[in-house]
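Structure file entry_34.cif (mmCIF, C-alpha atoms) follows.
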data_work
loop_
_atom_site.label_atom_id
_atom_site.label_comp_id
_atom_site.auth_asym_id
_atom_site.auth_seq_id
_atom_site.Cartn_x
_atom_site.Cartn_y
_atom_site.Cartn_z
CA CYS A 1 0.00 0.00 0.00
CA GLY A 2 0.99 3.63 -0.26
CA ALA A 3 2.16 5.98 -2.96
CA GLY A 4 5.62 4.49 -3.42
CA PHE A 5 8.95 5.56 -2.00
CA LEU A 6 11.02 8.70 -1.71
CA ASN A 7 14.35 8.74 -3.53
CA VAL A 8 16.30 11.28 -1.49
CA ASN A 9 19.21 11.29 -3.95
CA SER A 10 16.92 12.19 -6.87
CA ALA A 11 15.14 14.85 -4.82
CA HIS A 12 18.50 16.33 -3.82
CA LEU A 13 19.72 16.39 -7.44
CA ILE A 14 16.52 18.14 -8.57
CA LEU A 15 16.60 20.77 -5.85
CA THR A 16 20.31 21.62 -5.92
CA VAL A 17 20.35 22.40 -9.64
CA GLY A 18 18.52 25.64 -8.95
CA GLU A 19 15.43 27.04 -10.58
CA THR A 20 14.96 27.14 -14.35
CA ASN A 21 12.61 29.75 -15.79
CA SER A 22 9.75 28.76 -18.06
CA SER A 23 9.14 30.29 -21.47
CA THR A 24 5.90 31.71 -22.87
CA THR A 25 6.86 30.42 -26.33
CA VAL A 26 8.41 27.12 -27.43
CA PRO A 27 12.19 27.54 -27.01
CA VAL A 28 14.42 26.95 -30.07
CA GLU A 29 17.21 25.34 -27.99
CA PRO A 30 17.17 23.17 -24.84
CA THR A 31 16.58 25.27 -21.72
CA VAL A 32 16.83 22.65 -18.97
CA GLY A 33 19.35 20.07 -17.86
CA PRO A 34 18.94 16.45 -16.84
CA GLN A 35 17.20 17.35 -13.60
CA GLY A 36 15.69 20.50 -12.22
CA TRP A 37 12.64 22.47 -11.24
CA SER A 38 10.73 25.63 -11.99
CA PHE A 39 8.11 27.73 -10.26
CA THR A 40 5.97 29.85 -12.55
CA SER A 41 2.81 31.92 -12.43
CA ILE A 42 0.31 31.17 -15.15
CA SER A 43 -2.87 33.00 -16.14
CA SER A 44 -6.05 31.41 -17.49
CA ASN A 45 -5.81 29.98 -21.00
CA THR A 46 -2.02 30.32 -21.19
CA ARG A 47 0.93 27.94 -21.58
CA ARG A 48 4.50 27.62 -20.32
CA TYR A 49 7.30 25.58 -21.89
CA TRP A 50 10.65 23.93 -21.06
CA ARG A 51 12.84 22.20 -23.64
CA PHE A 52 15.33 19.37 -23.09
CA SER A 53 17.31 16.85 -25.09
CA VAL A 54 17.97 13.16 -24.53
CA ALA A 55 21.34 11.91 -25.85
CA GLU A 56 20.60 8.19 -25.46
CA THR A 57 17.49 6.15 -24.76
CA ALA A 58 16.27 7.08 -21.28
CA ASP A 59 15.02 4.19 -19.15
CA GLU A 60 12.60 6.49 -17.35
CA VAL A 61 11.81 10.20 -17.50
CA THR A 62 9.63 11.66 -14.76
CA ILE A 63 7.99 15.08 -14.90
CA VAL A 64 5.57 16.44 -12.30
CA ALA A 65 3.54 19.64 -11.97
CA THR A 66 1.75 20.65 -8.77
CA TRP A 67 -0.02 23.71 -7.35
CA PRO A 68 -2.01 24.56 -4.21
CA ARG A 69 -5.73 24.40 -3.64
CA ILE A 70 -7.16 27.73 -2.52
CA VAL A 71 -9.10 27.04 0.69
CA ASN A 72 -11.42 29.66 2.21
CA SER A 73 -10.81 30.91 5.75
CA THR A 74 -13.57 28.75 7.26
CA PHE A 75 -12.26 25.60 5.54
CA THR A 76 -15.73 24.92 4.15
CA SER A 77 -14.85 25.16 0.47
CA TRP A 78 -11.93 25.35 -1.89
CA SER A 79 -11.12 26.18 -5.48
CA LEU A 80 -8.54 24.72 -7.79
CA MET A 81 -6.82 25.74 -11.00
CA ASN A 82 -7.02 23.22 -13.85
CA VAL A 83 -3.52 22.64 -15.27
CA ASP A 84 -2.60 20.01 -17.88
CA LEU A 85 0.89 18.59 -18.46
CA THR A 86 2.04 17.33 -21.89
CA LEU A 87 5.29 16.07 -23.41
CA HIS A 88 5.95 16.82 -27.09
CA ARG A 89 8.77 15.93 -29.45
CA VAL A 90 10.45 18.66 -31.56
CA GLU A 91 12.97 18.56 -34.37
CA ALA A 92 16.33 20.21 -33.66
CA GLY A 93 16.13 23.96 -34.28
CA SER A 94 12.35 23.85 -34.74
CA THR A 95 9.56 25.09 -32.48
CA THR A 96 6.85 22.92 -34.03
CA LEU A 97 5.39 20.61 -31.40
CA LEU A 98 4.96 17.02 -32.58
CA PRO A 99 2.42 14.89 -30.68
CA LEU A 100 3.43 11.71 -28.92
CA THR A 101 -0.09 10.36 -28.43
CA GLY A 102 -1.45 7.42 -30.42
CA ASP A 103 0.63 5.96 -33.25
CA ALA A 104 2.98 8.98 -33.27
CA GLY A 105 4.45 7.86 -29.94
CA VAL A 106 5.06 4.21 -30.88
CA PRO A 107 8.62 4.72 -32.20
CA VAL A 108 9.47 7.32 -29.53
CA PHE A 109 8.74 5.65 -26.17
CA THR A 110 7.98 2.13 -24.96
CA SER A 111 5.48 2.77 -22.14
CA GLY A 112 4.07 5.35 -19.77
CA ASN A 113 2.05 8.50 -20.35
CA VAL A 114 2.85 11.69 -22.25
CA VAL A 115 -0.30 13.59 -21.22
CA SER A 116 -1.76 14.18 -17.74
CA GLU A 117 -5.12 15.98 -17.63
CA SER A 118 -6.91 15.56 -14.30
CA ASP A 119 -9.78 17.96 -13.63
CA VAL A 120 -9.98 17.16 -9.91
CA ASP A 121 -6.38 17.00 -8.67
CA ASN A 122 -3.65 19.53 -8.00
CA VAL A 123 -0.90 17.35 -9.43
CA GLU A 124 -0.11 16.10 -12.93
CA LEU A 125 2.49 13.38 -13.48
CA LEU A 126 4.26 12.01 -16.56
CA VAL A 127 6.32 8.82 -16.37
CA VAL A 128 7.78 7.90 -19.75
CA ARG A 129 9.88 4.74 -20.20
CA GLY A 130 12.23 4.00 -23.07
CA LEU A 131 12.25 7.58 -24.36
CA ALA A 132 14.22 7.75 -27.62
CA PRO A 133 17.08 10.20 -28.16
CA GLY A 134 15.92 13.57 -29.43
CA GLU A 135 14.59 16.94 -28.34
CA TYR A 136 11.42 17.36 -26.32
CA VAL A 137 9.23 20.11 -24.92
CA VAL A 138 7.31 19.97 -21.65
CA GLU A 139 4.14 22.08 -21.75
CA ILE A 140 1.76 23.15 -19.02
CA PHE A 141 -1.57 24.63 -20.01
CA ARG A 142 -3.84 26.36 -17.53
CA GLU A 143 -7.50 26.35 -18.34
CA THR A 144 -9.90 28.78 -16.70
CA GLY A 145 -10.62 28.31 -13.04
CA ALA A 146 -9.62 29.40 -9.59
CA THR A 147 -7.51 32.35 -8.61
CA SER A 148 -4.09 32.22 -10.18
CA THR A 149 -1.38 30.65 -8.07
CA GLY A 150 2.05 29.40 -8.94
CA VAL A 151 2.75 26.02 -10.48
CA ALA A 152 5.85 24.03 -9.55
CA VAL A 153 7.31 21.72 -12.20
CA ALA A 154 10.15 19.23 -11.60
CA TRP A 155 11.85 16.66 -13.83
CA ILE A 156 14.57 14.03 -13.80
CA LEU A 157 16.31 12.22 -16.64
CA PRO A 158 18.30 9.62 -14.68
CA GLU A 159 20.52 8.34 -17.49
CA GLN A 160 22.11 11.75 -18.02
CA GLN A 161 25.23 12.90 -16.22
CA PRO A 162 24.18 14.19 -12.78
CA HIS A 163 24.68 17.81 -11.72
CA PRO A 164 27.92 18.33 -9.77
CA CYS A 165 26.96 18.17 -6.15
CA HIS A 166 28.83 19.61 -3.18
CA ALA A 167 27.31 16.98 -0.87
CA ASP A 168 28.81 14.20 -3.03
CA LEU A 169 31.87 13.73 -0.84
CA ASP A 170 33.12 10.52 -2.43
CA GLY A 171 32.73 11.57 -6.11
CA THR A 172 30.24 8.83 -7.01
CA GLY A 173 27.57 11.25 -8.21
CA GLU A 174 25.26 10.16 -5.40
CA VAL A 175 24.30 11.58 -2.05
CA TYR A 176 23.68 9.05 0.68
CA GLY A 177 24.55 8.53 4.31
CA ARG A 178 28.24 7.66 4.08
CA ALA A 179 29.03 9.87 1.06
CA SER A 180 27.45 12.95 2.63
CA GLY A 181 29.18 12.39 5.98
CA LEU A 182 25.84 11.77 7.73
CA LEU A 183 26.76 8.22 8.76
CA HIS A 184 30.07 7.11 10.22
#
In structure tokens, what does this structure look like?
Amino acid sequence: CGAGFLNVNSAHLILTVGETNSSTTVPVEPTVGPQGWSFTSISSNTRRYWRFSVAETADEVTIVATWPRIVNSTFTSWSLMNVDLTLHRVEAGSTTLLPLTGDAGVPVFTSGNVVSESDVDNVELLVVRGLAPGEYVVEIFRETGATSTGVAVAWILPEQQPHPCHADLDGTGEVYGRASGLLH
């Protein structure tokens, strides 16, 4: 039972990279590294984009977007923005988004989801396995709805070279008890 497990090393890699800004238009070149996060405000009926490249087939790519519910002061009701999360493929140097749904995705990834569109949750999650080398764009789209709040987006491409980490005391590219000096 439960939602799974927490990978502290992955969380640390994502957070220590520092924030990456979103773009209001599809970027021409990659704007994000193998792991990272962004916090962006988004108005109704608008989109934000991040672009990345995959040098070799990625076993698993995970991208998540989340935002708060707006709860009234008496805790009797709440409102929620409706944000959708989508992964697209793009050709190098192009800004044309190519869909990965249906037959278009068959040669590009082996399993998982490239679209997350819940109307009732405040989290959207993409888990894509066997993602082929190439360039990709992550898109969030905010439909109409509750008062505007920020949206946090985070991603990890585990096969890529990890971000240099000051807490990686033994040079393995990982942070764990012994390497970080937490355990003796």
Exercise for the section: For the structure provided, state which residues fall under the PyMOL selection byres ((chain A and resi 29) around 7), and present them as an MDAnalysis selection string. Expected result: chainID A and resid 27:28 30:31 51 93
Practice task
Quote the spacing between atom CA of A:Asp59 and atom CA of A:Gly105 in Å to one decimal place.
Solution key: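 Those two atoms sit 15.5 Å apart.
Across the model, the gap from atom CA of A:Glu124 to atom CA of A:Val90 is 21.6 Å.
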Practice task
Convert the output of the PyMOL selection byres ((chain A and resi 138) around 12) on the shown file into explicit residues, formatted as a count of residues only.
Solution key: 48
Completion exercise
From atom CA of A:Ile70 to atom CA of A:Thr149 the spacing works out at 8.5 Å
Handout entry: Neighbours of point (-7.4, 25.6, -14.9) within 9 Å, using all atoms listed in the file, written as a list in words
Key =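 Here the neighbourhood of the point contains Ser43, Ser44, Asn45, Leu80, Met81, Asn82, Val83, Asp84, Asp119, Phe141, Arg142, Glu143, Thr144, Gly145, Ala146 and Ser148 of chain A.
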Exercise for the section: Apply the PyMOL selection byres ((chain A and resi 17) around 12) to the structure shown and report the selected residues as number ranges by chain. Expected result: A: 10-16, 18-20, 32-38, 154-156, 162-166
Write the selection just made, keeping C-alpha atoms, as a PDB file, in the frame of the given file?
ATOM      1  CA  SER A  10      16.920  12.190  -6.870  1.00  0.00           C
ATOM      2  CA  ALA A  11      15.140  14.850  -4.820  1.00  0.00           C
ATOM      3  CA  HIS A  12      18.500  16.330  -3.820  1.00  0.00           C
ATOM      4  CA  LEU A  13      19.720  16.390  -7.440  1.00  0.00           C
ATOM      5  CA  ILE A  14      16.520  18.140  -8.570  1.00  0.00           C
ATOM      6  CA  LEU A  15      16.600  20.770  -5.850  1.00  0.00           C
ATOM      7  CA  THR A  16      20.310  21.620  -5.920  1.00  0.00           C
ATOM      8  CA  GLY A  18      18.520  25.640  -8.950  1.00  0.00           C
ATOM      9  CA  GLU A  19      15.430  27.040 -10.580  1.00  0.00           C
ATOM     10  CA  THR A  20      14.960  27.140 -14.350  1.00  0.00           C
ATOM     11  CA  VAL A  32      16.830  22.650 -18.970  1.00  0.00           C
ATOM     12  CA  GLY A  33      19.350  20.070 -17.860  1.00  0.00           C
ATOM     13  CA  PRO A  34      18.940  16.450 -16.840  1.00  0.00           C
ATOM     14  CA  GLN A  35      17.200  17.350 -13.600  1.00  0.00           C
ATOM     15  CA  GLY A  36      15.690  20.500 -12.220  1.00  0.00           C
ATOM     16  CA  TRP A  37      12.640  22.470 -11.240  1.00  0.00           C
ATOM     17  CA  SER A  38      10.730  25.630 -11.990  1.00  0.00           C
ATOM     18  CA  ALA A 154      10.150  19.230 -11.600  1.00  0.00           C
ATOM     19  CA  TRP A 155      11.850  16.660 -13.830  1.00  0.00           C
ATOM     20  CA  ILE A 156      14.570  14.030 -13.800  1.00  0.00           C
ATOM     21  CA  PRO A 162      24.180  14.190 -12.780  1.00  0.00           C
ATOM     22  CA  HIS A 163      24.680  17.810 -11.720  1.00  0.00           C
ATOM     23  CA  PRO A 164      27.920  18.330  -9.770  1.00  0.00           C
ATOM     24  CA  CYS A 165      26.960  18.170  -6.150  1.00  0.00           C
ATOM     25  CA  HIS A 166      28.830  19.610  -3.180  1.00  0.00           C
TER      26      HIS A 166
END
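Among the candidate residues A:Ser94, A:Thr74, A:Asn21, A:Val108, the one lying nearest to A:Gly134 is A:Val108, with distances computed using only C-alpha atoms.
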Problem - Closest of A:Asn9, A:Asn72, A:Thr110, A:Thr96 to A:Glu60 - atom-to-atom distances counting only C-alpha atoms - result: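 Closest to A:Glu60, using only C-alpha atoms: A:Thr110.
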Practice task
Find, counting all atoms listed in the file, the residue in A:Ser79, A:Asn113, A:Thr101, A:Asn122 that gets nearest to A:Thr66.
Solution key: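 When distances to A:Thr66 are compared using all atoms listed in the file, the smallest one comes from A:Asn122.
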Residue completion, stretch 135-154 of chain A, N, CA and C atoms, as an mmCIF file, in the coordinates of the input:
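Result file part35.cif:
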data_model
loop_
_atom_site.group_PDB
_atom_site.id
_atom_site.type_symbol
_atom_site.label_atom_id
_atom_site.label_comp_id
_atom_site.auth_asym_id
_atom_site.auth_seq_id
_atom_site.Cartn_x
_atom_site.Cartn_y
_atom_site.Cartn_z
ATOM 1 N N GLU A 135 14.933 15.735 -29.091
ATOM 2 C CA GLU A 135 14.590 16.940 -28.340
ATOM 3 C C GLU A 135 13.101 16.935 -28.028
ATOM 4 N N TYR A 136 12.784 17.412 -26.825
ATOM 5 C CA TYR A 136 11.420 17.360 -26.320
ATOM 6 C C TYR A 136 11.054 18.669 -25.647
ATOM 7 N N VAL A 137 9.752 18.926 -25.593
ATOM 8 C CA VAL A 137 9.230 20.110 -24.920
ATOM 9 C C VAL A 137 8.169 19.667 -23.915
ATOM 10 N N VAL A 138 8.312 20.159 -22.695
ATOM 11 C CA VAL A 138 7.310 19.970 -21.650
ATOM 12 C C VAL A 138 6.420 21.204 -21.693
ATOM 13 N N GLU A 139 5.102 20.977 -21.698
ATOM 14 C CA GLU A 139 4.140 22.080 -21.750
ATOM 15 C C GLU A 139 3.156 21.965 -20.595
ATOM 16 N N ILE A 140 2.908 23.090 -19.913
ATOM 17 C CA ILE A 140 1.760 23.150 -19.020
ATOM 18 C C ILE A 140 0.779 24.132 -19.621
ATOM 19 N N PHE A 141 -0.487 23.783 -19.514
ATOM 20 C CA PHE A 141 -1.570 24.630 -20.010
ATOM 21 C C PHE A 141 -2.550 24.816 -18.870
ATOM 22 N N ARG A 142 -2.855 26.073 -18.569
ATOM 23 C CA ARG A 142 -3.840 26.360 -17.530
ATOM 24 C C ARG A 142 -5.146 26.763 -18.176
ATOM 25 N N GLU A 143 -6.163 25.985 -17.884
ATOM 26 C CA GLU A 143 -7.500 26.350 -18.340
ATOM 27 C C GLU A 143 -8.059 27.381 -17.374
ATOM 28 N N THR A 144 -9.277 27.823 -17.608
ATOM 29 C CA THR A 144 -9.900 28.780 -16.700
ATOM 30 C C THR A 144 -10.119 28.113 -15.354
ATOM 31 N N GLY A 145 -10.368 28.909 -14.340
ATOM 32 C CA GLY A 145 -10.620 28.310 -13.040
ATOM 33 C C GLY A 145 -10.300 29.254 -11.920
ATOM 34 N N ALA A 146 -9.849 28.689 -10.839
ATOM 35 C CA ALA A 146 -9.620 29.400 -9.590
ATOM 36 C C ALA A 146 -8.611 30.536 -9.742
ATOM 37 N N THR A 147 -8.493 31.282 -8.677
ATOM 38 C CA THR A 147 -7.510 32.350 -8.610
ATOM 39 C C THR A 147 -6.141 31.822 -9.004
ATOM 40 N N SER A 148 -5.406 32.634 -9.713
ATOM 41 C CA SER A 148 -4.090 32.220 -10.180
ATOM 42 C C SER A 148 -3.125 32.035 -9.019
ATOM 43 N N THR A 149 -2.458 30.919 -9.019
ATOM 44 C CA THR A 149 -1.380 30.650 -8.070
ATOM 45 C C THR A 149 -0.213 30.103 -8.876
ATOM 46 N N GLY A 150 0.892 29.932 -8.238
ATOM 47 C CA GLY A 150 2.050 29.400 -8.940
ATOM 48 C C GLY A 150 1.940 27.907 -9.163
ATOM 49 N N VAL A 151 2.664 27.437 -10.167
ATOM 50 C CA VAL A 151 2.750 26.020 -10.480
ATOM 51 C C VAL A 151 4.220 25.624 -10.384
ATOM 52 N N ALA A 152 4.498 24.565 -9.638
ATOM 53 C CA ALA A 152 5.850 24.030 -9.550
ATOM 54 C C ALA A 152 5.968 22.839 -10.496
ATOM 55 N N VAL A 153 7.038 22.809 -11.272
ATOM 56 C CA VAL A 153 7.310 21.720 -12.200
ATOM 57 C C VAL A 153 8.701 21.185 -11.882
ATOM 58 N N ALA A 154 8.843 19.849 -11.837
ATOM 59 C CA ALA A 154 10.150 19.230 -11.600
ATOM 60 C C ALA A 154 10.317 18.062 -12.552
#
